[in-house]
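Peer 1: What follows is protein.txt, made up of compact mmCIF, C-alpha atoms:
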# COMPACT_ATOMS: atom_id res chain seq x y z
CA VAL A 1 0.00 0.00 0.00
CA LEU A 2 1.33 3.45 -0.88
CA ARG A 3 1.45 6.37 1.54
CA GLU A 4 -0.96 9.23 0.73
CA VAL A 5 -2.81 7.13 -1.85
CA THR A 6 -6.37 5.99 -1.11
CA THR A 7 -6.67 2.23 -1.01
CA ASP A 8 -9.72 0.02 -0.61
CA PHE A 9 -10.76 -3.51 0.18
CA THR A 10 -14.03 -5.43 0.33
CA VAL A 11 -15.47 -7.17 3.38
CA ASP A 12 -17.71 -10.05 2.29
CA ALA A 13 -20.26 -10.81 5.04
CA ARG A 14 -22.84 -12.50 2.79
CA SER A 15 -22.70 -15.67 4.88
CA LEU A 16 -24.09 -13.58 7.77
CA THR A 17 -26.29 -11.01 6.05
CA GLN A 18 -27.73 -10.59 2.57
CA THR A 19 -29.02 -7.05 3.08
CA GLY A 20 -26.13 -5.14 4.64
CA GLY A 21 -26.57 -2.84 7.61
CA THR A 22 -24.24 -1.28 10.15
CA HIS A 23 -22.53 -4.53 11.13
CA ILE A 24 -18.98 -3.75 9.96
CA GLN A 25 -16.51 -1.59 11.85
CA VAL A 26 -12.92 -0.96 10.72
CA ARG A 27 -10.02 0.71 12.54
CA VAL A 28 -6.66 1.42 10.92
CA ILE A 29 -3.91 1.96 13.49
CA ASN A 30 -0.72 3.70 12.29
CA PRO A 31 2.80 2.81 13.47
CA SER A 32 2.69 5.89 15.76
CA GLY A 33 -0.53 4.64 17.38
CA ALA A 34 -2.69 7.29 15.72
CA LYS A 35 -5.76 6.17 13.79
CA THR A 36 -6.47 6.71 10.10
CA ASP A 37 -10.01 7.62 9.05
CA THR A 38 -11.91 4.88 7.25
CA TYR A 39 -14.95 5.16 5.00
CA ILE A 40 -17.29 2.19 4.76
CA THR A 41 -19.80 1.83 1.94
CA ASP A 42 -22.61 -0.66 2.50
CA ASN A 43 -23.24 -2.24 -0.90
CA GLY A 44 -26.64 -3.49 0.34
CA ASP A 45 -25.90 -7.13 -0.48
CA GLY A 46 -23.80 -8.20 2.49
CA THR A 47 -20.57 -6.75 1.10
CA TYR A 48 -18.88 -3.55 2.23
CA ARG A 49 -16.26 -1.40 0.54
CA VAL A 50 -13.71 0.07 2.93
CA GLN A 51 -11.46 2.98 1.93
CA TYR A 52 -8.61 4.66 3.77
CA THR A 53 -5.61 6.86 2.98
CA PRO A 54 -2.52 6.10 5.09
CA PHE A 55 -0.23 9.02 5.95
CA GLU A 56 2.64 7.20 7.70
CA ASP A 57 5.24 4.76 6.43
CA GLY A 58 5.51 1.43 8.23
CA MET A 59 3.34 -1.42 9.44
CA HIS A 60 -0.34 -0.58 10.02
CA LEU A 61 -2.91 -2.75 11.78
CA VAL A 62 -6.32 -3.04 10.14
CA GLU A 63 -8.93 -4.26 12.63
CA VAL A 64 -12.19 -5.50 11.11
CA THR A 65 -15.15 -6.47 13.28
CA TYR A 66 -18.67 -7.72 12.60
CA ASP A 67 -21.08 -6.68 15.37
CA ASP A 68 -18.03 -5.97 17.59
CA VAL A 69 -16.54 -9.47 17.03
CA PRO A 70 -13.19 -9.59 15.19
CA VAL A 71 -13.41 -11.28 11.80
CA PRO A 72 -11.08 -14.29 11.33
CA LYS A 73 -7.38 -13.31 11.12
CA SER A 74 -8.08 -9.70 12.19
CA PRO A 75 -6.11 -7.55 12.85
CA PHE A 76 -4.40 -7.59 9.47
CA ARG A 77 -0.87 -6.24 9.09
CA VAL A 78 -0.46 -3.89 6.11
CA GLY A 79 2.86 -2.39 5.10
CA VAL A 80 2.79 1.21 3.85
CA THR A 81 5.63 2.76 1.87
CA GLU A 82 6.30 5.89 -0.12
CA GLY A 83 5.52 5.26 -3.74
CA CYS A 84 4.81 6.76 -7.08
CA ASP A 85 1.39 8.33 -7.47
CA PRO A 86 0.73 8.95 -11.18
CA SER A 87 -1.79 11.68 -10.38
CA ARG A 88 1.08 13.79 -8.96
CA VAL A 89 3.18 13.63 -12.15
CA ARG A 90 2.90 16.24 -14.89
CA ALA A 91 4.68 16.22 -18.25
CA TYR A 92 4.67 19.21 -20.60
CA GLY A 93 6.68 20.92 -23.30
CA PRO A 94 7.19 21.17 -27.06
CA GLY A 95 8.52 17.61 -27.35
CA LEU A 96 5.11 16.30 -26.36
CA GLU A 97 3.21 18.66 -28.63
CA GLY A 98 4.78 17.81 -31.98
CA GLY A 99 7.95 15.74 -32.00
CA LEU A 100 9.95 14.51 -34.99
CA VAL A 101 11.27 10.97 -35.54
CA ASN A 102 15.05 10.60 -35.00
CA LYS A 103 15.28 14.15 -33.61
CA SER A 104 15.77 15.19 -30.00
CA ASN A 105 12.53 16.28 -28.37
CA ARG A 106 12.52 18.33 -25.18
CA PHE A 107 9.89 18.18 -22.47
CA THR A 108 9.67 18.50 -18.70
CA VAL A 109 8.44 15.97 -16.16
CA LYS A 110 7.47 17.35 -12.72
CA THR A 111 6.97 14.95 -9.84
How does this structure look as structure tokens?

Peer 2:
Amino acid sequence: VLREVTTDFTVDARSLTQTGGTHIQVRVINPSGAKTDTYITDNGDGTYRVQYTPFEDGMHLVEVTYDDVPVPKSPFRVGVTEGCDPSRVRAYGPGLEGGLVNKSNRFTVKT
């Protein structure tokens, strides 16, 4: 998982509920002990989409519970590292606007 990039996962609770509801709780605990905000979307069919954006490098704990009972294998350990986020990269310049084959083309890449 990359730092400062929103990531998501799905919790499949269809063996317990087919209609959804407020059964799922998720806590993401950073290496410093602080908590990262999570956003849970009830898909209405017993599955839930969970999103979070980590802001610290290192091992995070992701605790998932169903009606306050930990799901099997929770908490999950998730490594977070600095990475490349394509949305932060910008390329521009004349070499991208109309280059010639076998000729040097100049452009700038900002990261």

Peer 1: Figure out the distance between CA of Arg77 in chain A and CA of Asn30 in chain A, please, to one decimal in Å.

Peer 2: 10.4 Å

Peer 1: Tell me which protein, DNA and RNA residues are within 8 Å of Met59 in chain A, counting only C-alpha atoms, leaving out same-chain ones fewer than 2 positions away, and put them as a short mmCIF file (atom, residue, chain, number, x, y, z; two decimals) with C-alpha atoms, keeping the file's coordinate frame.

Peer 2:
data_model
loop_
_atom_site.label_atom_id
_atom_site.label_comp_id
_atom_site.auth_asym_id
_atom_site.auth_seq_id
_atom_site.Cartn_x
_atom_site.Cartn_y
_atom_site.Cartn_z
CA ASN A 30 -0.72 3.70 12.29
CA PRO A 31 2.80 2.81 13.47
CA ASP A 57 5.24 4.76 6.43
CA LEU A 61 -2.91 -2.75 11.78
CA ARG A 77 -0.87 -6.24 9.09
CA VAL A 78 -0.46 -3.89 6.11
CA GLY A 79 2.86 -2.39 5.10
CA VAL A 80 2.79 1.21 3.85
#

Peer 1: I'd like the neighbourhood of Ser104 in chain A as JSON, numbers by chain, where a residue qualifies if any of its atoms comes within 9 Å (using only C-alpha atoms), though same-chain residues fewer than 4 positions away should be ignored.

Peer 2: {"A": [95, 99, 100]}

Peer 1: Please measure the separation of CA of Thr22 in chain A and CA of Pro54 in chain A, giving the value in Å to one decimal.

Peer 2: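 Atom-to-atom, CA of Thr22 in chain A and CA of Pro54 in chain A are spaced 23.5 Å apart.
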
Peer 1: Could you check which of A:Tyr92, A:Phe107, A:Phe9, A:Phe76 is closest to Tyr48 in chain A, using all atoms listed in the file?

Peer 2: A:Phe9

Peer 1: Of the residues A:Val109, A:Leu16, A:Leu2, A:Ile29, which is the one nearest to Asp45 in chain A, using all atoms listed in the file?

Peer 2: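 Checking each candidate against Asp45 in chain A, we get A:Leu16 as the closest.
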
Peer 1: Of the residues A:Val1, A:Lys103, A:Thr111, A:Pro72, which is the one nearest to Val89 in chain A, using all atoms listed in the file?

Peer 2: A:Thr111

Peer 1: Pick the closest to Val62 in chain A from A:Leu96, A:Val28, A:Ala34, A:Ala13: which is it, counting only C-alpha atoms?

Peer 2: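 Of A:Leu96, A:Val28, A:Ala34, A:Ala13, the one nearest Val62 in chain A, counting only C-alpha atoms, is A:Val28.
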
Peer 1: If we count all atoms listed in the file, what is near Asp67 in chain A at a cut-off of 12 Å, once residues fewer than 4 positions away on the same chain are taken out, given as a list in words?

Peer 2: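 Here the answer would be Ala13, Leu16, Thr17, Gly20, Gly21, Thr22, His23, Ile24, Gln25, Val26 and Val71 of chain A.
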
Peer 1: CA of Gln51 in chain A and CA of Ser15 in chain A, how far apart in Å?

Peer 2: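 Value for the CA of Ser15 in chain A-CA of Gln51 in chain A distance: 22.0 Å.
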
Peer 1: Determine the nearest neighbour of Asp42 in chain A from the options A:Thr65, A:Phe55, A:Arg27, A:Val11, counting all atoms listed in the file.

Peer 2: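 Selected residue with least distance to Asp42 in chain A: A:Val11.
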
Peer 1: Pick from A:Tyr52, A:Thr108, A:Pro75, A:Thr81: nearest to Gly93 in chain A, with only C-alpha atoms counted?

Peer 2: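 That would be A:Thr108, the residue with the smallest distance to Gly93 in chain A.
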